>>> print(open('start-v3.cif').read())   # mmCIF, C-alpha atoms
data_coords
loop_
_atom_site.label_atom_id
_atom_site.label_comp_id
_atom_site.auth_asym_id
_atom_site.auth_seq_id
_atom_site.Cartn_x
_atom_site.Cartn_y
_atom_site.Cartn_z
CA MET A 290 -84.16 -210.52 18.34
CA LEU A 291 -81.06 -211.93 20.06
CA GLY A 292 -79.53 -213.09 16.77
CA PRO A 293 -78.60 -209.63 15.36
CA TRP A 294 -77.23 -208.55 18.75
CA LEU A 295 -74.82 -211.46 18.97
CA HIS A 296 -73.87 -211.10 15.31
CA ASP A 297 -73.09 -207.38 15.51
CA TRP A 298 -71.27 -207.55 18.84
CA ARG A 299 -67.97 -209.13 17.80
CA GLY A 300 -66.37 -209.60 21.21
CA PRO A 301 -63.38 -211.91 21.56
CA GLN A 302 -64.30 -215.38 22.69
CA GLY A 303 -63.25 -216.44 26.17
CA ARG A 304 -63.25 -212.91 27.64
CA ARG A 305 -65.06 -211.96 30.83
CA CYS A 306 -68.34 -210.18 30.24
CA SER A 307 -71.00 -208.43 32.31
CA PHE A 308 -74.29 -207.19 30.88
CA TRP A 309 -77.60 -205.63 31.91
CA ALA A 310 -81.13 -206.20 30.63
CA THR A 311 -84.66 -206.85 31.83
CA ARG A 312 -85.29 -210.11 33.70
CA PRO A 313 -86.87 -212.19 30.84
CA MET A 314 -84.41 -210.81 28.31
CA GLU A 315 -81.33 -211.35 30.47
CA GLU A 316 -82.16 -215.02 31.05
CA ALA A 317 -82.48 -215.68 27.31
CA LEU A 318 -79.37 -213.68 26.48
CA ALA A 319 -77.34 -215.34 29.24
CA THR A 320 -78.27 -218.76 27.85
CA LEU A 321 -76.79 -217.81 24.46
CA LEU A 322 -73.69 -216.13 25.85
CA ARG A 323 -72.55 -218.66 28.43
CA PRO A 324 -71.05 -221.09 25.84
CA ARG A 325 -69.07 -218.19 24.36
CA TYR A 326 -67.81 -216.55 27.57
CA LEU A 327 -66.14 -218.48 30.34
CA ASP A 328 -67.02 -215.95 33.04
CA LEU A 329 -70.38 -214.23 32.59
CA LEU A 330 -72.05 -211.88 35.09
CA VAL A 331 -75.70 -210.89 34.96
CA SER A 332 -76.31 -207.64 36.83
CA SER A 333 -79.53 -206.56 38.52
CA PRO A 334 -80.66 -203.24 40.04
CA ALA A 335 -79.73 -202.82 43.70
CA LEU A 336 -83.29 -202.49 44.92
CA PRO A 337 -84.02 -202.81 48.67
CA LEU A 338 -84.52 -206.42 49.72
CA PRO A 339 -87.93 -207.37 51.13
CA VAL A 340 -88.24 -207.39 54.90
CA GLY A 341 -87.31 -210.78 56.32
CA SER A 342 -85.65 -212.05 53.14
CA CYS A 343 -82.28 -213.81 53.37
CA ARG A 344 -79.25 -212.29 51.72
CA PRO A 345 -77.59 -214.47 49.09
CA ALA A 346 -74.30 -216.12 49.94
CA PRO A 347 -71.77 -214.98 48.89
CA GLU A 348 -73.12 -211.44 49.02
CA PRO A 349 -72.91 -209.77 45.59
CA LEU A 350 -70.85 -206.65 44.98
CA GLU A 351 -72.97 -203.48 44.95
CA ARG A 352 -71.65 -200.74 42.65
CA PHE A 353 -73.23 -198.08 40.42
CA GLY A 354 -76.68 -198.84 41.84
CA ARG A 355 -76.47 -202.53 40.75
CA ARG A 356 -75.48 -205.88 42.16
CA PHE A 357 -72.81 -208.04 40.55
CA PRO A 358 -72.54 -211.72 41.64
CA LEU A 359 -68.76 -211.86 41.57
CA ALA A 360 -66.97 -215.11 42.24
CA PRO A 361 -64.37 -215.18 45.04
CA GLY A 362 -61.07 -213.76 43.88
CA ARG A 363 -62.57 -211.77 41.00
CA CYS A 364 -62.78 -207.98 40.67
CA LEU A 365 -65.10 -205.94 38.51
CA GLU A 366 -62.25 -204.17 36.73
CA GLU A 367 -61.45 -207.41 34.85
CA TYR A 368 -64.77 -207.50 32.97
CA GLY A 369 -66.04 -205.95 29.78
CA ALA A 370 -69.62 -204.69 29.63
CA PHE A 371 -72.64 -205.17 27.37
CA TYR A 372 -75.65 -202.94 28.10
CA VAL A 373 -79.05 -203.78 26.64
CA GLY A 374 -81.45 -200.89 27.01
CA GLY A 375 -82.63 -197.52 25.79
CA SER A 376 -84.89 -196.96 22.82
CA GLU A 377 -84.78 -195.54 19.31
CA ALA A 378 -86.81 -192.56 20.51
CA SER A 379 -84.14 -191.52 23.03
CA ALA A 380 -82.83 -188.12 22.02
CA ASP A 381 -79.50 -188.41 23.83
CA LEU A 382 -78.19 -191.46 25.65
CA ASP A 383 -75.83 -189.20 27.60
CA LEU A 384 -78.85 -188.19 29.67
CA ASP A 385 -79.76 -191.78 30.63
CA PRO A 386 -78.96 -191.95 34.37
CA ASP A 387 -78.43 -195.72 34.48
CA LEU A 388 -76.10 -195.80 31.50
CA SER A 389 -74.26 -192.67 32.62
CA ARG A 390 -73.42 -194.20 36.00
CA LEU A 391 -72.01 -197.30 34.35
CA LEU A 392 -69.96 -195.42 31.76
CA LEU A 393 -68.43 -193.15 34.40
CA GLY A 394 -67.55 -195.94 36.79
CA TRP A 395 -66.49 -198.72 34.42
CA ALA A 396 -62.79 -199.40 33.98
CA PRO A 397 -61.53 -197.26 31.06
CA GLY A 398 -59.37 -200.08 29.70
CA GLN A 399 -62.27 -202.52 29.32
CA PRO A 400 -64.69 -202.62 26.35
CA PHE A 401 -68.19 -201.26 26.84
CA PHE A 402 -70.94 -201.88 24.27
CA THR A 403 -74.62 -200.97 24.21
CA CYS A 404 -77.49 -202.49 22.29
CA CYS A 405 -80.78 -200.80 21.41
CA PRO A 406 -83.68 -203.30 21.64
CA ASP A 407 -85.70 -201.36 19.04
CA THR A 408 -83.14 -201.65 16.26
CA GLY A 409 -80.81 -204.44 17.44
CA ARG A 410 -77.81 -202.20 16.67
CA THR A 411 -74.74 -202.36 18.91
CA GLN A 412 -72.32 -199.52 19.52
CA ASP A 413 -68.94 -199.04 21.17
CA GLU A 414 -69.37 -196.48 23.97
CA GLY A 415 -65.71 -195.54 24.43
CA VAL A 416 -66.20 -192.04 22.95
CA ARG A 417 -69.33 -191.35 25.02
CA ALA A 418 -67.58 -192.53 28.19
CA GLY A 419 -64.67 -190.16 27.52
CA ARG A 420 -67.11 -187.28 27.02
CA LEU A 421 -68.85 -188.00 30.33
CA ARG A 422 -65.51 -188.22 32.18
CA ALA A 423 -64.46 -184.87 30.71
CA ARG A 424 -67.68 -183.30 31.98
CA ARG A 425 -67.05 -184.84 35.40
CA HIS A 426 -63.58 -183.25 35.51
CA TYR A 427 -65.18 -179.91 34.64
CA LEU A 428 -67.68 -180.24 37.51
CA VAL A 429 -64.85 -181.00 39.94
CA GLU A 430 -63.10 -177.80 38.83
CA ARG A 431 -66.32 -175.84 39.32
CA ALA A 432 -66.57 -177.23 42.85
CA ARG A 433 -62.97 -176.20 43.60
CA ASP A 434 -63.72 -172.64 42.46
CA ALA A 435 -66.97 -172.46 44.43
CA HIS A 436 -67.29 -170.44 47.63
CA VAL A 437 -70.85 -171.45 48.59
CA VAL A 438 -72.06 -175.07 48.34
CA GLY A 439 -75.70 -176.10 48.56
CA LEU A 440 -76.28 -179.61 49.93
CA LEU A 441 -79.55 -180.98 48.55
CA ALA A 442 -81.10 -183.55 50.89
CA GLY A 443 -82.69 -185.72 48.23
CA THR A 444 -83.32 -188.61 50.62
CA LEU A 445 -84.37 -188.74 54.25
CA GLY A 446 -85.09 -192.44 54.52
CA VAL A 447 -81.85 -194.08 53.39
CA ALA A 448 -79.47 -195.27 56.07
CA ARG A 449 -76.65 -192.96 57.22
CA HIS A 450 -77.95 -189.88 55.42
CA ARG A 451 -77.36 -187.71 58.51
CA GLU A 452 -73.79 -188.94 58.75
CA ALA A 453 -73.30 -188.24 55.06
CA LEU A 454 -74.59 -184.66 55.43
CA ALA A 455 -72.21 -184.07 58.34
CA HIS A 456 -69.35 -185.51 56.28
CA LEU A 457 -70.07 -183.22 53.31
CA ARG A 458 -70.37 -180.17 55.56
CA ASN A 459 -67.02 -181.03 57.14
CA LEU A 460 -65.50 -181.34 53.66
CA ALA A 461 -66.77 -177.92 52.63
CA GLN A 462 -65.57 -176.32 55.87
CA ALA A 463 -62.13 -177.89 55.52
CA ALA A 464 -61.81 -176.45 52.01
CA GLY A 465 -62.80 -172.98 53.18
CA LYS A 466 -66.31 -173.06 51.69
CA ARG A 467 -69.69 -172.25 53.18
CA SER A 468 -72.37 -174.93 52.96
CA TYR A 469 -76.15 -174.79 53.32
CA VAL A 470 -78.47 -177.81 53.63
CA LEU A 471 -81.62 -177.54 51.47
CA ALA A 472 -84.57 -179.95 51.54
CA LEU A 473 -86.41 -179.28 48.28
CA GLY A 474 -87.60 -182.70 47.19
CA ARG A 475 -86.59 -183.56 43.65
CA PRO A 476 -84.36 -180.77 42.30
CA THR A 477 -85.73 -178.82 39.34
CA PRO A 478 -84.30 -175.72 37.61
CA PRO A 479 -87.04 -173.38 38.96
CA LYS A 480 -86.40 -174.53 42.54
CA LEU A 481 -82.63 -174.12 42.42
CA ALA A 482 -82.88 -170.76 40.63
CA ASN A 483 -84.19 -169.30 43.91
CA PHE A 484 -80.66 -169.58 45.36
CA PRO A 485 -78.44 -167.51 43.05
CA GLU A 486 -75.80 -167.04 45.76
CA VAL A 487 -74.99 -170.78 45.69
CA ASP A 488 -72.14 -171.65 43.32
CA VAL A 489 -72.65 -175.43 43.08
CA PHE A 490 -75.19 -177.91 44.41
CA VAL A 491 -74.50 -181.44 45.67
CA LEU A 492 -77.34 -183.95 45.53
CA LEU A 493 -77.39 -186.47 48.36
CA ALA A 494 -79.54 -189.37 47.17
CA CYS A 495 -79.46 -193.11 46.67
CA PRO A 496 -77.72 -194.33 43.48
CA LEU A 497 -81.02 -195.02 41.69
CA GLY A 498 -82.37 -191.58 42.59
CA ALA A 499 -79.43 -189.52 41.38
CA LEU A 500 -79.88 -187.11 38.52
CA ALA A 501 -78.61 -187.83 35.04
CA PRO A 502 -76.04 -185.49 33.49
CA GLN A 503 -77.97 -182.36 32.60
CA PRO A 504 -77.84 -180.63 29.21
CA SER A 505 -76.20 -177.23 28.98
CA GLY A 506 -78.61 -174.59 30.22
CA GLY A 507 -80.68 -177.06 32.24
CA PHE A 508 -79.77 -175.75 35.70
CA PHE A 509 -78.65 -172.26 36.69
CA ARG A 510 -75.83 -173.85 38.73
CA PRO A 511 -74.28 -177.31 38.23
CA VAL A 512 -75.53 -180.24 40.31
CA LEU A 513 -72.75 -182.56 41.50
CA ALA A 514 -72.53 -185.99 43.04
CA PRO A 515 -71.02 -186.41 46.55
CA CYS A 516 -67.91 -188.09 45.17
CA GLU A 517 -67.23 -185.05 42.98
CA LEU A 518 -67.31 -182.78 46.02
CA GLU A 519 -64.96 -185.22 47.76
CA ALA A 520 -62.54 -184.99 44.85
CA ALA A 521 -62.69 -181.19 44.94
CA CYS A 522 -62.31 -180.64 48.71
CA ASN A 523 -60.16 -183.53 49.93
CA PRO A 524 -56.50 -183.07 48.91
CA ALA A 525 -55.75 -186.68 49.88
CA TRP A 526 -58.24 -188.00 47.31
CA PRO A 527 -56.57 -189.88 44.40
CA PRO A 528 -55.91 -187.80 41.29
CA SER A 529 -58.16 -187.78 38.27
CA GLY A 530 -58.06 -191.06 36.38
CA LEU A 531 -57.12 -193.11 39.46
CA ALA A 532 -60.04 -192.28 41.74
CA PRO A 533 -63.13 -194.50 41.48
CA HIS A 534 -66.51 -193.07 40.56
CA LEU A 535 -68.73 -193.78 43.56
CA THR A 536 -72.49 -193.43 43.15
CA HIS A 537 -73.46 -194.17 46.77
CA TYR A 538 -72.61 -191.63 49.44
CA ALA A 539 -72.10 -194.45 51.97
CA ASP A 540 -68.89 -195.37 50.11
CA LEU A 541 -67.37 -192.05 51.25
CA LEU A 542 -68.04 -192.57 54.95
CA PRO A 543 -65.72 -194.19 57.52
CA GLY A 544 -65.88 -197.96 57.41
CA SER A 545 -65.98 -198.14 53.62
CA PRO A 546 -62.93 -199.43 51.70
CA PHE A 547 -63.10 -196.26 49.57
CA HIS A 548 -63.07 -193.83 52.52
CA VAL A 549 -60.15 -191.36 52.45
CA PRO A 550 -59.82 -189.33 55.68
CA LEU A 551 -58.99 -185.64 55.57
CA PRO A 552 -55.33 -184.77 56.16
CA PRO A 553 -54.47 -183.09 59.49
CA PRO A 554 -54.45 -179.26 59.53
CA ASP A 555 -50.63 -179.13 59.53
CA SER A 556 -50.31 -181.39 56.48
CA GLU A 557 -48.44 -180.08 53.45
CA LEU A 558 -51.28 -181.22 51.21
CA TRP A 559 -53.30 -178.15 52.19
CA ASP A 560 -50.47 -175.82 51.04
CA THR A 561 -50.01 -177.38 47.60
CA PRO A 562 -50.32 -174.67 44.91
CA ASP A 563 -53.44 -175.10 42.82
CA VAL A 564 -54.47 -173.21 39.68
CA SER A 565 -58.03 -173.09 38.42
CA LEU A 566 -58.39 -174.63 34.97
CA ILE A 567 -61.49 -172.47 34.35
CA THR A 568 -60.38 -168.98 35.42
CA GLY A 569 -56.61 -169.49 35.29
CA GLU A 570 -56.19 -167.90 38.73
CA LEU A 571 -54.20 -169.29 41.64
CA ARG A 572 -56.43 -170.66 44.37
CA PRO A 573 -55.46 -169.59 47.89
CA PRO A 574 -54.93 -172.38 50.44
CA PRO A 575 -57.98 -172.90 52.66
CA ALA A 576 -57.84 -171.57 56.22
CA TRP A 577 -58.70 -174.92 57.80
CA LYS A 578 -59.88 -174.78 61.42
CA PRO A 579 -61.33 -177.55 63.56
CA SER A 580 -65.02 -177.24 64.40
CA ASP A 581 -64.23 -176.92 68.14
CA ASP A 582 -61.84 -173.99 67.61
CA PRO A 583 -63.15 -170.97 69.62
CA GLY A 584 -62.01 -168.67 66.83
CA CYS A 585 -64.29 -170.35 64.33
CA SER A 586 -67.63 -168.52 64.49
CA ALA A 587 -70.13 -166.76 62.26
CA LEU A 588 -68.91 -163.30 63.44
CA THR A 589 -65.70 -161.53 62.48
CA LEU A 590 -64.13 -158.44 64.03
CA ARG A 591 -63.71 -155.35 61.88
CA PRO A 592 -60.79 -152.94 62.42
CA GLN A 593 -63.27 -150.35 63.74
CA LEU A 594 -64.23 -152.83 66.49
CA GLU A 595 -67.62 -153.39 64.93
CA LEU A 596 -69.15 -156.85 64.62
CA ALA A 597 -70.44 -157.86 61.22
CA GLU A 598 -71.91 -161.13 60.03
CA SER A 599 -69.50 -163.01 57.79
CA SER A 600 -71.97 -164.65 55.41
CA PRO A 601 -71.67 -165.12 51.63
CA ALA A 602 -75.43 -164.70 51.34
CA ALA A 603 -75.27 -161.29 53.07
CA LEU A 604 -72.39 -160.18 50.85
CA PHE A 605 -74.26 -161.32 47.76
CA LEU A 606 -77.38 -159.41 48.86
CA SER A 607 -75.40 -156.22 49.45
CA SER A 608 -73.99 -156.38 45.92
CA ARG A 609 -77.43 -156.55 44.26
CA SER A 610 -79.03 -153.41 42.87
CA TRP A 611 -82.45 -154.27 44.38
CA GLN A 612 -82.44 -155.64 47.91
CA GLY A 613 -86.18 -155.79 48.59
CA LEU A 614 -88.71 -153.36 50.01
CA GLU A 615 -87.30 -150.46 52.04
CA PRO A 616 -89.08 -150.06 55.40
CA ARG A 617 -88.09 -146.35 55.82
CA LEU A 618 -89.02 -146.48 59.50
CA GLY A 619 -89.81 -143.03 60.95
CA GLN A 620 -89.49 -141.33 57.56
CA THR A 621 -93.10 -141.67 56.36
CA PRO A 622 -95.78 -139.32 57.79
CA VAL A 623 -98.70 -140.93 59.60
CA THR A 624 -102.02 -140.75 57.69
CA GLY A 625 -105.46 -142.22 58.18
CA ALA A 626 -106.59 -145.37 56.44
CA VAL A 627 -108.57 -144.79 53.24
CA SER A 628 -110.60 -147.10 51.04
CA GLY A 629 -108.61 -148.63 48.21
CA ARG A 630 -109.59 -149.64 44.68
CA ARG A 631 -112.06 -152.45 44.08
CA GLY A 632 -112.15 -155.11 41.40
CA ILE A 633 -109.50 -157.11 39.61
CA ALA A 634 -106.31 -155.91 37.96
CA ILE A 635 -107.70 -156.15 34.45
CA ALA A 636 -110.68 -153.91 35.21
CA TYR A 637 -111.14 -151.92 38.44
CA GLU A 638 -114.56 -150.48 39.30
CA ASP A 639 -113.44 -146.86 38.94
CA GLU A 640 -111.92 -147.39 35.50
CA GLY A 641 -115.13 -147.90 33.60
CA SER A 642 -115.70 -150.20 30.64
CA SER A 643 -113.54 -149.99 27.55
#
>>> encode(input="start-v3.cif", output="structure tokens")
Amino acid sequence: MLGPWLHDWRGPQGRRCSFWATRPMEEALATLLRPRYLDLLVSSPALPLPVGSCRPAPEPLERFGRRFPLAPGRCLEEYGAFYVGGSEASADLDLDPDLSRLLLGWAPGQPFFTCCPDTGRTQDEGVRAGRLRARRHYLVERARDAHVVGLLAGTLGVARHREALAHLRNLAQAAGKRSYVLALGRPTPPKLANFPEVDVFVLLACPLGALAPQPSGGFFRPVLAPCELEAACNPAWPPSGLAPHLTHYADLLPGSPFHVPLPPPDSELWDTPDVSLITGELRPPPAWKPSDDPGCSALTLRPQLELAESSPAALFLSSRSWQGLEPRLGQTPVTGAVSGRRGIAIAYEDEGSS
């Protein structure tokens, strides 16, 4: 089956190439490609190493949930890509999480081809990559317009997840947004539909556990990656097209080469005018306050000297036509307990047979 793949994929000889496949397939394909390409990388999933195992030297680069054995002095942006995977029965490759991560994070100027093992047909993925990047830009705009952010704790066993949650909450607070941490397991549309007051959700999970891009109408609110919330809330983050697509939340934390600290409160970056590309309205600058500021609390003072809870959830509840059962304390006369109806809803005992 390797013959049609190599015949259809007309890549220039001597270029750098990186590809993905299953272990038996990648060994056979690498044997055929090494004479053609001077610098060939074979990627593997970044699965946790067994306890007590030795790390390879030099340590491979870990990006997009995979490991790349780069030679010293090389960078991943110099390589083209060849992805072997998927199937003929796949309805939409845009929903493949592994391929979506690679298309979003791969250098736009480098070629990216895919090959379907069922048919042996290769395809240039430049158009699909552009479509996924456009959807990512839309999600960043949705996060900038959001007032309430739901942080989905999709992992509790991966290192530094507590630090990542604190970092995302600090981002949302700095941008003038409210954040709530939700532990729901794997996100599904019925679960997230129980929180209509949340504007966007951010899934905190390992790269291999992240959700694929969802079809329109899949979720009631969009589900973002941590790097998309970083791009929306951190004004010091590089602009669109220059910022890397990071699939691991640890790359956003201090100590990572991709970490970008928040500007100080008196920085001019917070006062830069910003217009929403979705609503066309001017976004007000966030009222950034440090977490240790005594004026930063959950209570605000009304002009009538009355304390009221400043909560987006409470405001959302007050705007709904039905707010739950009304207790009506002291307004209902006291009566004795009486026997109720017996049976099931489809046929009570006092209804008779139909």
>>> closest_residue(input="start-v3.cif", among="A:Gly374, A:Pro478, A:Pro528, A:Pro485", to="Val438 of chain A", atoms="all atoms listed in the file")
A:Pro485
>>> closest_residue(input="start-v3.cif", among="A:Gln612, A:Asn523, A:Gln399, A:Thr621", to="Asn459 of chain A", atoms="only C-alpha atoms")
A:Asn523
>>> resolve_selection(input="start-v3.cif", expression="the PyMOL selection byres ((chain A and resi 525) around 10)", output="MDAnalysis selection string")
chainID A and resid 519:520 522:524 526:528 549:552 558:559
>>> atom_distance(input="start-v3.cif", atom1="atom CA of Arg410 of chain A", atom2="atom CA of Glu366 of chain A")
25.5 Å
>>> atom_distance(input="start-v3.cif", atom1="atom CA of Val491 of chain A", atom2="atom CA of Ala370 of chain A")
28.7 Å
>>> closest_residue(input="start-v3.cif", among="A:Leu606, A:Pro575, A:Gly369, A:Ser529", to="Glu557 of chain A", atoms="only C-alpha atoms")
A:Pro575
>>> atom_distance(input="start-v3.cif", atom1="atom CA of Leu391 of chain A", atom2="atom CA of Phe353 of chain A")
6.2 Å
>>> closest_residue(input="start-v3.cif", among="A:Glu640, A:Ala634, A:Val416, A:Tyr368", to="Leu327 of chain A", atoms="only C-alpha atoms")
A:Tyr368
>>> closest_residue(input="start-v3.cif", among="A:Ile635, A:Leu392, A:Ser628, A:Tyr538", to="Arg451 of chain A", atoms="all atoms listed in the file")
A:Tyr538
>>> closest_residue(input="start-v3.cif", among="A:Tyr427, A:Phe402, A:Phe509, A:Phe484", to="Phe605 of chain A", atoms="only C-alpha atoms")
A:Phe484
>>> build_atoms(input="start-v3.cif", residues="segment 469-478 of chain A", atoms="all heavy atoms", output="PDB file, in the frame of the given file")
ATOM      1  N   TYR A 469     -74.775-174.925  52.853  1.00  0.00           N
ATOM      2  CA  TYR A 469     -76.150-174.790  53.320  1.00  0.00           C
ATOM      3  C   TYR A 469     -76.904-176.055  52.938  1.00  0.00           C
ATOM      4  O   TYR A 469     -76.800-176.540  51.799  1.00  0.00           O
ATOM      5  CB  TYR A 469     -76.830-173.564  52.703  1.00  0.00           C
ATOM      6  CG  TYR A 469     -76.179-172.255  53.066  1.00  0.00           C
ATOM      7  CD1 TYR A 469     -75.194-171.695  52.255  1.00  0.00           C
ATOM      8  CD2 TYR A 469     -76.535-171.581  54.220  1.00  0.00           C
ATOM      9  CE1 TYR A 469     -74.587-170.503  52.583  1.00  0.00           C
ATOM     10  CE2 TYR A 469     -75.928-170.376  54.562  1.00  0.00           C
ATOM     11  CZ  TYR A 469     -74.959-169.848  53.741  1.00  0.00           C
ATOM     12  OH  TYR A 469     -74.352-168.670  54.084  1.00  0.00           O
ATOM     13  N   VAL A 470     -77.677-176.602  53.867  1.00  0.00           N
ATOM     14  CA  VAL A 470     -78.470-177.810  53.630  1.00  0.00           C
ATOM     15  C   VAL A 470     -79.862-177.381  53.195  1.00  0.00           C
ATOM     16  O   VAL A 470     -80.530-176.604  53.888  1.00  0.00           O
ATOM     17  CB  VAL A 470     -78.527-178.697  54.884  1.00  0.00           C
ATOM     18  CG1 VAL A 470     -79.363-179.940  54.616  1.00  0.00           C
ATOM     19  CG2 VAL A 470     -77.114-179.095  55.306  1.00  0.00           C
ATOM     20  N   LEU A 471     -80.313-177.885  52.044  1.00  0.00           N
ATOM     21  CA  LEU A 471     -81.620-177.540  51.470  1.00  0.00           C
ATOM     22  C   LEU A 471     -82.413-178.813  51.267  1.00  0.00           C
ATOM     23  O   LEU A 471     -81.905-179.779  50.677  1.00  0.00           O
ATOM     24  CB  LEU A 471     -81.452-176.807  50.138  1.00  0.00           C
ATOM     25  CG  LEU A 471     -80.528-175.575  50.144  1.00  0.00           C
ATOM     26  CD1 LEU A 471     -80.342-175.062  48.738  1.00  0.00           C
ATOM     27  CD2 LEU A 471     -81.093-174.497  51.040  1.00  0.00           C
ATOM     28  N   ALA A 472     -83.645-178.835  51.753  1.00  0.00           N
ATOM     29  CA  ALA A 472     -84.570-179.950  51.540  1.00  0.00           C
ATOM     30  C   ALA A 472     -85.658-179.481  50.602  1.00  0.00           C
ATOM     31  O   ALA A 472     -86.624-178.834  51.019  1.00  0.00           O
ATOM     32  CB  ALA A 472     -85.146-180.440  52.871  1.00  0.00           C
ATOM     33  N   LEU A 473     -85.508-179.785  49.317  1.00  0.00           N
ATOM     34  CA  LEU A 473     -86.410-179.280  48.280  1.00  0.00           C
ATOM     35  C   LEU A 473     -87.157-180.379  47.551  1.00  0.00           C
ATOM     36  O   LEU A 473     -87.849-180.089  46.577  1.00  0.00           O
ATOM     37  CB  LEU A 473     -85.620-178.444  47.258  1.00  0.00           C
ATOM     38  CG  LEU A 473     -84.791-177.285  47.796  1.00  0.00           C
ATOM     39  CD1 LEU A 473     -84.005-176.645  46.661  1.00  0.00           C
ATOM     40  CD2 LEU A 473     -85.671-176.267  48.472  1.00  0.00           C
ATOM     41  N   GLY A 474     -87.027-181.624  47.984  1.00  0.00           N
ATOM     42  CA  GLY A 474     -87.600-182.700  47.190  1.00  0.00           C
ATOM     43  C   GLY A 474     -86.729-182.974  45.982  1.00  0.00           C
ATOM     44  O   GLY A 474     -85.502-182.861  46.030  1.00  0.00           O
ATOM     45  N   ARG A 475     -87.362-183.321  44.873  1.00  0.00           N
ATOM     46  CA  ARG A 475     -86.590-183.560  43.650  1.00  0.00           C
ATOM     47  C   ARG A 475     -86.142-182.236  43.058  1.00  0.00           C
ATOM     48  O   ARG A 475     -86.958-181.342  42.814  1.00  0.00           O
ATOM     49  CB  ARG A 475     -87.414-184.340  42.630  1.00  0.00           C
ATOM     50  CG  ARG A 475     -86.617-184.675  41.364  1.00  0.00           C
ATOM     51  CD  ARG A 475     -87.316-185.687  40.511  1.00  0.00           C
ATOM     52  NE  ARG A 475     -86.511-186.029  39.336  1.00  0.00           N
ATOM     53  CZ  ARG A 475     -85.526-186.910  39.321  1.00  0.00           C
ATOM     54  NH1 ARG A 475     -85.223-187.544  40.439  1.00  0.00           N
ATOM     55  NH2 ARG A 475     -84.851-187.177  38.232  1.00  0.00           N
ATOM     56  N   PRO A 476     -84.841-182.063  42.811  1.00  0.00           N
ATOM     57  CA  PRO A 476     -84.360-180.770  42.300  1.00  0.00           C
ATOM     58  C   PRO A 476     -84.885-180.503  40.886  1.00  0.00           C
ATOM     59  O   PRO A 476     -84.894-181.379  40.019  1.00  0.00           O
ATOM     60  CB  PRO A 476     -82.839-180.934  42.297  1.00  0.00           C
ATOM     61  CG  PRO A 476     -82.563-182.088  43.192  1.00  0.00           C
ATOM     62  CD  PRO A 476     -83.741-182.991  43.087  1.00  0.00           C
ATOM     63  N   THR A 477     -85.301-179.300  40.659  1.00  0.00           N
ATOM     64  CA  THR A 477     -85.730-178.820  39.340  1.00  0.00           C
ATOM     65  C   THR A 477     -85.085-177.453  39.116  1.00  0.00           C
ATOM     66  O   THR A 477     -84.740-176.751  40.068  1.00  0.00           O
ATOM     67  CB  THR A 477     -87.252-178.698  39.249  1.00  0.00           C
ATOM     68  OG1 THR A 477     -87.709-177.780  40.267  1.00  0.00           O
ATOM     69  CG2 THR A 477     -87.918-180.053  39.453  1.00  0.00           C
ATOM     70  N   PRO A 478     -84.898-177.045  37.866  1.00  0.00           N
ATOM     71  CA  PRO A 478     -84.300-175.720  37.610  1.00  0.00           C
ATOM     72  C   PRO A 478     -85.038-174.561  38.263  1.00  0.00           C
ATOM     73  O   PRO A 478     -84.384-173.655  38.796  1.00  0.00           O
ATOM     74  CB  PRO A 478     -84.312-175.637  36.069  1.00  0.00           C
ATOM     75  CG  PRO A 478     -84.240-177.059  35.620  1.00  0.00           C
ATOM     76  CD  PRO A 478     -85.037-177.840  36.623  1.00  0.00           C
TER      77      PRO A 478
END
